[in-house]
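Student: Sending over target-v4.cif (mmCIF, C-alpha atoms).
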```
data_protein
loop_
_atom_site.group_PDB
_atom_site.id
_atom_site.type_symbol
_atom_site.label_atom_id
_atom_site.label_comp_id
_atom_site.auth_asym_id
_atom_site.auth_seq_id
_atom_site.Cartn_x
_atom_site.Cartn_y
_atom_site.Cartn_z
ATOM 1 C CA MET A 1 20.471 -58.232 47.923
ATOM 2 C CA ASP A 2 22.520 -60.542 45.740
ATOM 3 C CA THR A 3 22.432 -59.099 42.238
ATOM 4 C CA LEU A 4 24.001 -62.182 40.672
ATOM 5 C CA SER A 5 20.796 -64.138 41.195
ATOM 6 C CA TYR A 6 18.990 -61.882 38.724
ATOM 7 C CA LYS A 7 21.264 -62.500 35.760
ATOM 8 C CA THR A 8 19.674 -63.879 32.636
ATOM 9 C CA ILE A 9 21.266 -67.191 31.765
ATOM 10 C CA SER A 10 21.834 -67.671 28.059
ATOM 11 C CA ALA A 11 22.423 -71.228 26.898
ATOM 12 C CA ASN A 12 25.246 -72.125 24.539
ATOM 13 C CA LYS A 13 26.453 -75.279 22.853
ATOM 14 C CA ALA A 14 28.386 -76.417 25.925
ATOM 15 C CA THR A 15 25.614 -75.863 28.499
ATOM 16 C CA VAL A 16 22.670 -77.286 26.528
ATOM 17 C CA ASN A 17 21.068 -80.469 27.869
ATOM 18 C CA LYS A 18 19.688 -82.323 24.829
ATOM 19 C CA GLU A 19 17.493 -85.367 25.404
ATOM 20 C CA TRP A 20 15.981 -88.053 23.176
ATOM 21 C CA VAL A 21 12.182 -88.161 23.087
ATOM 22 C CA VAL A 22 9.779 -90.676 21.498
ATOM 23 C CA VAL A 23 6.399 -89.431 20.285
ATOM 24 C CA ASP A 24 3.633 -91.809 19.184
ATOM 25 C CA ALA A 25 1.633 -90.436 16.225
ATOM 26 C CA THR A 26 -1.200 -92.974 16.438
ATOM 27 C CA ASP A 27 -4.580 -91.215 15.942
ATOM 28 C CA GLN A 28 -2.975 -87.759 16.277
ATOM 29 C CA HIS A 29 -3.915 -84.853 14.015
ATOM 30 C CA LEU A 30 -0.996 -83.971 11.752
ATOM 31 C CA GLY A 31 -0.842 -80.200 12.268
ATOM 32 C CA ARG A 32 -1.330 -80.255 16.032
ATOM 33 C CA LEU A 33 1.244 -83.007 16.452
ATOM 34 C CA CYS A 34 3.805 -81.268 14.238
ATOM 35 C CA SER A 35 3.418 -77.909 15.994
ATOM 36 C CA LYS A 36 4.265 -79.549 19.323
ATOM 37 C CA VAL A 37 7.133 -81.471 17.732
ATOM 38 C CA ALA A 38 8.478 -78.200 16.299
ATOM 39 C CA LYS A 39 8.412 -76.683 19.789
ATOM 40 C CA LEU A 40 10.258 -79.723 21.154
ATOM 41 C CA LEU A 41 12.882 -79.454 18.412
ATOM 42 C CA ARG A 42 13.305 -75.745 19.073
ATOM 43 C CA GLY A 43 13.531 -76.172 22.863
ATOM 44 C CA LYS A 44 10.642 -73.878 23.745
ATOM 45 C CA TYR A 45 9.457 -76.158 26.542
ATOM 46 C CA LYS A 46 12.762 -75.715 28.405
ATOM 47 C CA PRO A 47 13.362 -72.933 30.947
ATOM 48 C CA ASN A 48 16.757 -72.055 29.450
ATOM 49 C CA PHE A 49 15.426 -71.497 25.888
ATOM 50 C CA THR A 50 17.737 -69.316 23.829
ATOM 51 C CA PRO A 51 16.495 -68.289 20.359
ATOM 52 C CA HIS A 52 19.815 -68.498 18.511
ATOM 53 C CA VAL A 53 21.019 -71.845 19.978
ATOM 54 C CA ASP A 54 20.022 -75.437 19.210
ATOM 55 C CA CYS A 55 18.757 -76.246 22.700
ATOM 56 C CA GLY A 56 15.897 -78.556 21.684
ATOM 57 C CA ASP A 57 15.526 -82.296 22.009
ATOM 58 C CA ASN A 58 16.052 -85.044 19.446
ATOM 59 C CA VAL A 59 12.545 -86.241 18.535
ATOM 60 C CA ILE A 60 11.656 -89.723 17.268
ATOM 61 C CA ILE A 61 8.160 -90.078 15.786
ATOM 62 C CA ILE A 62 6.855 -93.654 15.645
ATOM 63 C CA ASN A 63 3.681 -94.963 13.958
ATOM 64 C CA ALA A 64 3.820 -92.112 11.449
ATOM 65 C CA ASP A 65 1.594 -94.049 9.059
ATOM 66 C CA LYS A 66 -1.312 -93.843 11.556
ATOM 67 C CA VAL A 67 -1.537 -90.044 11.616
ATOM 68 C CA VAL A 68 -4.953 -88.464 10.950
ATOM 69 C CA LEU A 69 -6.068 -85.699 8.613
ATOM 70 C CA THR A 70 -9.700 -84.591 8.912
ATOM 71 C CA GLY A 71 -12.055 -84.292 5.981
ATOM 72 C CA ASN A 72 -10.682 -84.982 2.517
ATOM 73 C CA LYS A 73 -7.326 -83.276 3.141
ATOM 74 C CA TRP A 74 -5.365 -86.376 2.111
ATOM 75 C CA ASN A 75 -6.264 -85.624 -1.522
ATOM 76 C CA ASP A 76 -7.502 -82.008 -1.592
ATOM 77 C CA ARG A 77 -4.575 -80.249 0.098
ATOM 78 C CA ILE A 78 -1.800 -79.341 -2.331
ATOM 79 C CA TYR A 79 1.844 -78.600 -1.552
ATOM 80 C CA LEU A 80 3.528 -76.640 -4.355
ATOM 81 C CA ARG A 81 7.232 -76.511 -5.143
ATOM 82 C CA TYR A 82 9.168 -74.991 -7.991
ATOM 83 C CA THR A 83 12.151 -76.716 -9.607
ATOM 84 C CA GLY A 84 13.708 -73.520 -10.934
ATOM 85 C CA TYR A 85 12.956 -74.183 -14.598
ATOM 86 C CA PRO A 86 10.173 -72.479 -16.591
ATOM 87 C CA GLY A 87 6.884 -74.347 -16.326
ATOM 88 C CA GLU A 88 8.258 -76.771 -13.743
ATOM 89 C CA GLN A 89 5.926 -76.161 -10.837
ATOM 90 C CA ARG A 90 5.223 -79.492 -9.118
ATOM 91 C CA GLU A 91 2.371 -80.277 -6.788
ATOM 92 C CA ASN A 92 2.037 -83.001 -4.178
ATOM 93 C CA THR A 93 -0.773 -84.098 -1.916
ATOM 94 C CA PRO A 94 -0.276 -85.523 1.583
ATOM 95 C CA ALA A 95 -1.289 -88.951 0.250
ATOM 96 C CA SER A 96 1.405 -88.873 -2.450
ATOM 97 C CA LEU A 97 4.042 -87.729 0.056
ATOM 98 C CA MET A 98 3.107 -90.620 2.371
ATOM 99 C CA LYS A 99 3.535 -93.067 -0.527
ATOM 100 C CA LYS A 100 7.073 -91.763 -1.133
ATOM 101 C CA GLY A 101 7.918 -92.135 2.559
ATOM 102 C CA GLU A 102 6.360 -91.200 5.878
ATOM 103 C CA ASP A 103 9.206 -88.877 6.791
ATOM 104 C CA ARG A 104 8.589 -86.664 3.729
ATOM 105 C CA LEU A 105 5.178 -85.474 4.921
ATOM 106 C CA PHE A 106 6.338 -84.877 8.495
ATOM 107 C CA ARG A 107 9.505 -83.073 7.395
ATOM 108 C CA LYS A 108 7.486 -80.853 5.021
ATOM 109 C CA VAL A 109 5.039 -79.853 7.749
ATOM 110 C CA VAL A 110 7.589 -79.416 10.573
ATOM 111 C CA LYS A 111 9.993 -77.489 8.322
ATOM 112 C CA GLY A 112 7.325 -74.840 7.773
ATOM 113 C CA MET A 113 7.089 -74.341 11.551
ATOM 114 C CA LEU A 114 10.832 -73.868 12.142
ATOM 115 C CA PRO A 115 12.987 -70.772 11.492
ATOM 116 C CA LYS A 116 13.896 -70.198 7.839
ATOM 117 C CA ASN A 117 17.678 -70.070 8.354
ATOM 118 C CA ARG A 118 20.678 -72.320 9.074
ATOM 119 C CA LEU A 119 19.442 -72.985 12.607
ATOM 120 C CA GLY A 120 16.114 -74.252 11.259
ATOM 121 C CA ALA A 121 17.899 -76.629 8.895
ATOM 122 C CA LYS A 122 20.023 -77.934 11.750
ATOM 123 C CA LEU A 123 16.956 -78.405 13.970
ATOM 124 C CA LEU A 124 15.210 -80.401 11.244
ATOM 125 C CA GLY A 125 18.138 -82.818 11.344
ATOM 126 C CA ASN A 126 17.125 -83.710 14.923
ATOM 127 C CA LEU A 127 13.829 -85.214 13.698
ATOM 128 C CA TYR A 128 13.548 -88.965 13.030
ATOM 129 C CA VAL A 129 10.341 -90.450 11.582
ATOM 130 C CA TYR A 130 9.440 -94.163 11.413
ATOM 131 C CA ALA A 131 6.312 -95.886 10.086
ATOM 132 C CA GLY A 132 6.136 -98.654 12.680
ATOM 133 C CA THR A 133 6.943 -98.951 16.351
ATOM 134 C CA GLU A 134 10.545 -100.038 15.717
ATOM 135 C CA HIS A 135 13.355 -97.493 15.568
ATOM 136 C CA LYS A 136 17.141 -97.707 15.612
ATOM 137 C CA HIS A 137 17.786 -95.267 18.475
ATOM 138 C CA GLU A 138 17.457 -97.605 21.459
ATOM 139 C CA ALA A 139 21.094 -96.990 22.406
ATOM 140 C CA GLN A 140 20.252 -93.355 23.235
ATOM 141 C CA GLN A 141 17.623 -94.547 25.767
ATOM 142 C CA PRO A 142 14.856 -92.203 24.619
ATOM 143 C CA LYS A 143 12.014 -91.424 26.969
ATOM 144 C CA SER A 144 8.452 -91.733 25.764
ATOM 145 C CA ILE A 145 6.242 -88.698 26.328
ATOM 146 C CA ASP A 146 2.538 -88.001 25.901
ATOM 147 C CA ILE A 147 2.346 -85.260 23.292
ATOM 148 C CA ASN A 148 -1.186 -84.319 24.399
ATOM 149 C CA SER A 149 0.088 -83.231 27.815
ATOM 150 C CA LEU A 150 2.128 -80.404 26.206
ATOM 151 C CA LYS A 151 0.581 -77.043 25.375
#
```
Let me see the file written as structure tokens.
Tutor:
Amino acid sequence: MDTLSYKTISANKATVNKEWVVVDATDQHLGRLCSKVAKLLRGKYKPNFTPHVDCGDNVIIINADKVVLTGNKWNDRIYLRYTGYPGEQRENTPASLMKKGEDRLFRKVVKGMLPKNRLGAKLLGNLYVYAGTEHKHEAQQPKSIDINSLK
């Protein structure tokens, strides 16, 4: 029996195979889409997933302005943040975040699904969000995937 075939392979920065992926957000539910995007960013769909290494893909979300929230969540859901000063608690709704920029809502939701440490901040930097179908990453030759085919 060859015992070397049973070694656990741990990925590192040199052995990671990062790809560029395009995800279309048209008529997708925000939370379900972002949970799959967070898994893509983390690298959980890859067989050589290592928890402490950035082994995920670079994700480009297009048509971010066509994402769906059910019910009246555009106006009823509230995201709270605190500035650090007394009485300075600010609240935002998904509709107000979309007015400021499509990437703000997606970054807020995906950030909550990533690790709360330096690795999570680095992974969030691999997310690119665009309102229309045009993006500036054609040179990386991203492949388009169907997000609904992922678990």
Student: Calculate how many Å separate CA of Tyr45 (chain A) from CA of Leu105 (chain A), rounding to one decimal.
Tutor: 23.9 Å
Student: Have a look at CA of Gly43 (chain A) and CA of Asp24 (chain A) and let me know their distance in Å, one decimal.
Tutor: 18.9 Å
Student: Near region 67-74 of chain A, within 9 Å and counting only C-alpha atoms, which residues show up once chain neighbours fewer than 5 positions away are dropped, as a ChimeraX atom specification?
Tutor: /A:25-31,33,93-96
Student: Do a neighbour search on region 34-42 of chain A at 7 Å with all atoms listed in the file, toss out local chain neighbours closer than 5 positions, and write the hits as a ChimeraX atom specification.
Tutor: /A:54-59,109-110,113-114,123,126
Student: Between A:Phe49, A:Tyr6, A:Phe106, A:Tyr79, which has the minimum distance to Asp65 (chain A) (counting only C-alpha atoms)?
Tutor: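 Using only C-alpha atoms, Asp65 (chain A) sits closest to A:Phe106.
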Student: Taking all atoms listed in the file into account, name the residue in A:Leu150, A:Ile145, A:Leu119, A:Ala64 that is nearest to Arg107 (chain A).
Tutor: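 Among the listed residues, A:Ala64 lies closest to Arg107 (chain A).
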Student: Tell me which of A:Val53, A:Leu124, A:Val16, A:Leu80 sits closest to Asn92 (chain A), counting all atoms listed in the file.
Tutor: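 Nearest to Asn92 (chain A): A:Leu80.
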Student: Show me, as a ChimeraX atom specification, the residues that have an atom within 7 Å of Ile62 (chain A) when counting all atoms listed in the file, minus same-chain residues fewer than 6 positions from it.
Tutor: /A:23-25,129-133
Student: How would region 27-52 of chain A read, as a compact mmCIF listing (two decimals), in the coordinates of the input, once N, CA, C and O atoms are built in?
Tutor:
```
# COMPACT_ATOMS: atom_id res chain seq x y z
N ASP A 27 -3.32 -91.97 15.81
CA ASP A 27 -4.58 -91.22 15.94
C ASP A 27 -4.36 -89.76 16.37
O ASP A 27 -5.21 -89.18 17.04
N GLN A 28 -3.24 -89.17 16.00
CA GLN A 28 -2.98 -87.76 16.28
C GLN A 28 -3.23 -86.96 15.00
O GLN A 28 -2.97 -87.43 13.90
N HIS A 29 -3.71 -85.73 15.16
CA HIS A 29 -3.92 -84.85 14.02
C HIS A 29 -2.56 -84.29 13.58
O HIS A 29 -1.76 -83.87 14.42
N LEU A 30 -2.32 -84.28 12.29
CA LEU A 30 -1.00 -83.97 11.75
C LEU A 30 -0.50 -82.59 12.17
O LEU A 30 0.61 -82.45 12.68
N GLY A 31 -1.29 -81.56 11.97
CA GLY A 31 -0.84 -80.20 12.27
C GLY A 31 -0.60 -79.96 13.74
O GLY A 31 0.39 -79.33 14.13
N ARG A 32 -1.49 -80.45 14.59
CA ARG A 32 -1.33 -80.26 16.03
C ARG A 32 -0.12 -81.02 16.55
O ARG A 32 0.63 -80.52 17.39
N LEU A 33 0.08 -82.22 16.05
CA LEU A 33 1.24 -83.01 16.45
C LEU A 33 2.53 -82.32 16.01
O LEU A 33 3.48 -82.19 16.80
N CYS A 34 2.58 -81.86 14.77
CA CYS A 34 3.80 -81.27 14.24
C CYS A 34 4.13 -79.94 14.89
O CYS A 34 5.30 -79.59 15.03
N SER A 35 3.12 -79.17 15.32
CA SER A 35 3.42 -77.91 15.99
C SER A 35 4.07 -78.17 17.35
O SER A 35 5.00 -77.45 17.74
N LYS A 36 3.64 -79.21 18.04
CA LYS A 36 4.26 -79.55 19.32
C LYS A 36 5.66 -80.15 19.12
O LYS A 36 6.57 -79.89 19.90
N VAL A 37 5.82 -80.92 18.05
CA VAL A 37 7.13 -81.47 17.73
C VAL A 37 8.10 -80.34 17.37
O VAL A 37 9.27 -80.37 17.78
N ALA A 38 7.62 -79.33 16.65
CA ALA A 38 8.48 -78.20 16.30
C ALA A 38 8.92 -77.45 17.55
O ALA A 38 10.07 -77.02 17.65
N LYS A 39 8.03 -77.33 18.52
CA LYS A 39 8.41 -76.68 19.79
C LYS A 39 9.43 -77.52 20.54
O LYS A 39 10.35 -76.98 21.17
N LEU A 40 9.27 -78.84 20.51
CA LEU A 40 10.26 -79.72 21.15
C LEU A 40 11.62 -79.60 20.48
O LEU A 40 12.65 -79.54 21.15
N LEU A 41 11.63 -79.58 19.15
CA LEU A 41 12.88 -79.45 18.41
C LEU A 41 13.56 -78.12 18.70
O LEU A 41 14.78 -78.03 18.78
N ARG A 42 12.77 -77.09 18.85
CA ARG A 42 13.30 -75.74 19.07
C ARG A 42 13.77 -75.56 20.51
O ARG A 42 14.65 -74.76 20.78
N GLY A 43 13.15 -76.29 21.46
CA GLY A 43 13.53 -76.17 22.86
C GLY A 43 12.66 -75.20 23.63
O GLY A 43 13.04 -74.75 24.70
N LYS A 44 11.49 -74.88 23.12
CA LYS A 44 10.64 -73.88 23.74
C LYS A 44 10.01 -74.35 25.04
O LYS A 44 9.53 -73.54 25.82
N TYR A 45 10.01 -75.65 25.29
CA TYR A 45 9.46 -76.16 26.54
C TYR A 45 10.49 -76.14 27.67
O TYR A 45 10.18 -76.51 28.79
N LYS A 46 11.71 -75.73 27.39
CA LYS A 46 12.76 -75.72 28.40
C LYS A 46 12.90 -74.32 29.02
O LYS A 46 12.71 -73.31 28.34
N PRO A 47 13.24 -74.25 30.30
CA PRO A 47 13.36 -72.93 30.95
C PRO A 47 14.57 -72.13 30.47
O PRO A 47 14.57 -70.92 30.59
N ASN A 48 15.58 -72.78 29.91
CA ASN A 48 16.76 -72.06 29.45
C ASN A 48 16.74 -71.88 27.94
O ASN A 48 17.79 -71.89 27.29
N PHE A 49 15.56 -71.68 27.34
CA PHE A 49 15.43 -71.50 25.89
C PHE A 49 16.19 -70.25 25.45
O PHE A 49 16.06 -69.18 26.03
N THR A 50 17.00 -70.42 24.43
CA THR A 50 17.74 -69.32 23.83
C THR A 50 17.46 -69.35 22.33
O THR A 50 17.68 -70.38 21.68
N PRO A 51 16.96 -68.25 21.75
CA PRO A 51 16.50 -68.29 20.36
C PRO A 51 17.55 -68.65 19.33
O PRO A 51 17.23 -69.25 18.30
N HIS A 52 18.81 -68.30 19.55
CA HIS A 52 19.82 -68.50 18.51
C HIS A 52 20.67 -69.75 18.73
O HIS A 52 21.68 -69.93 18.07
```
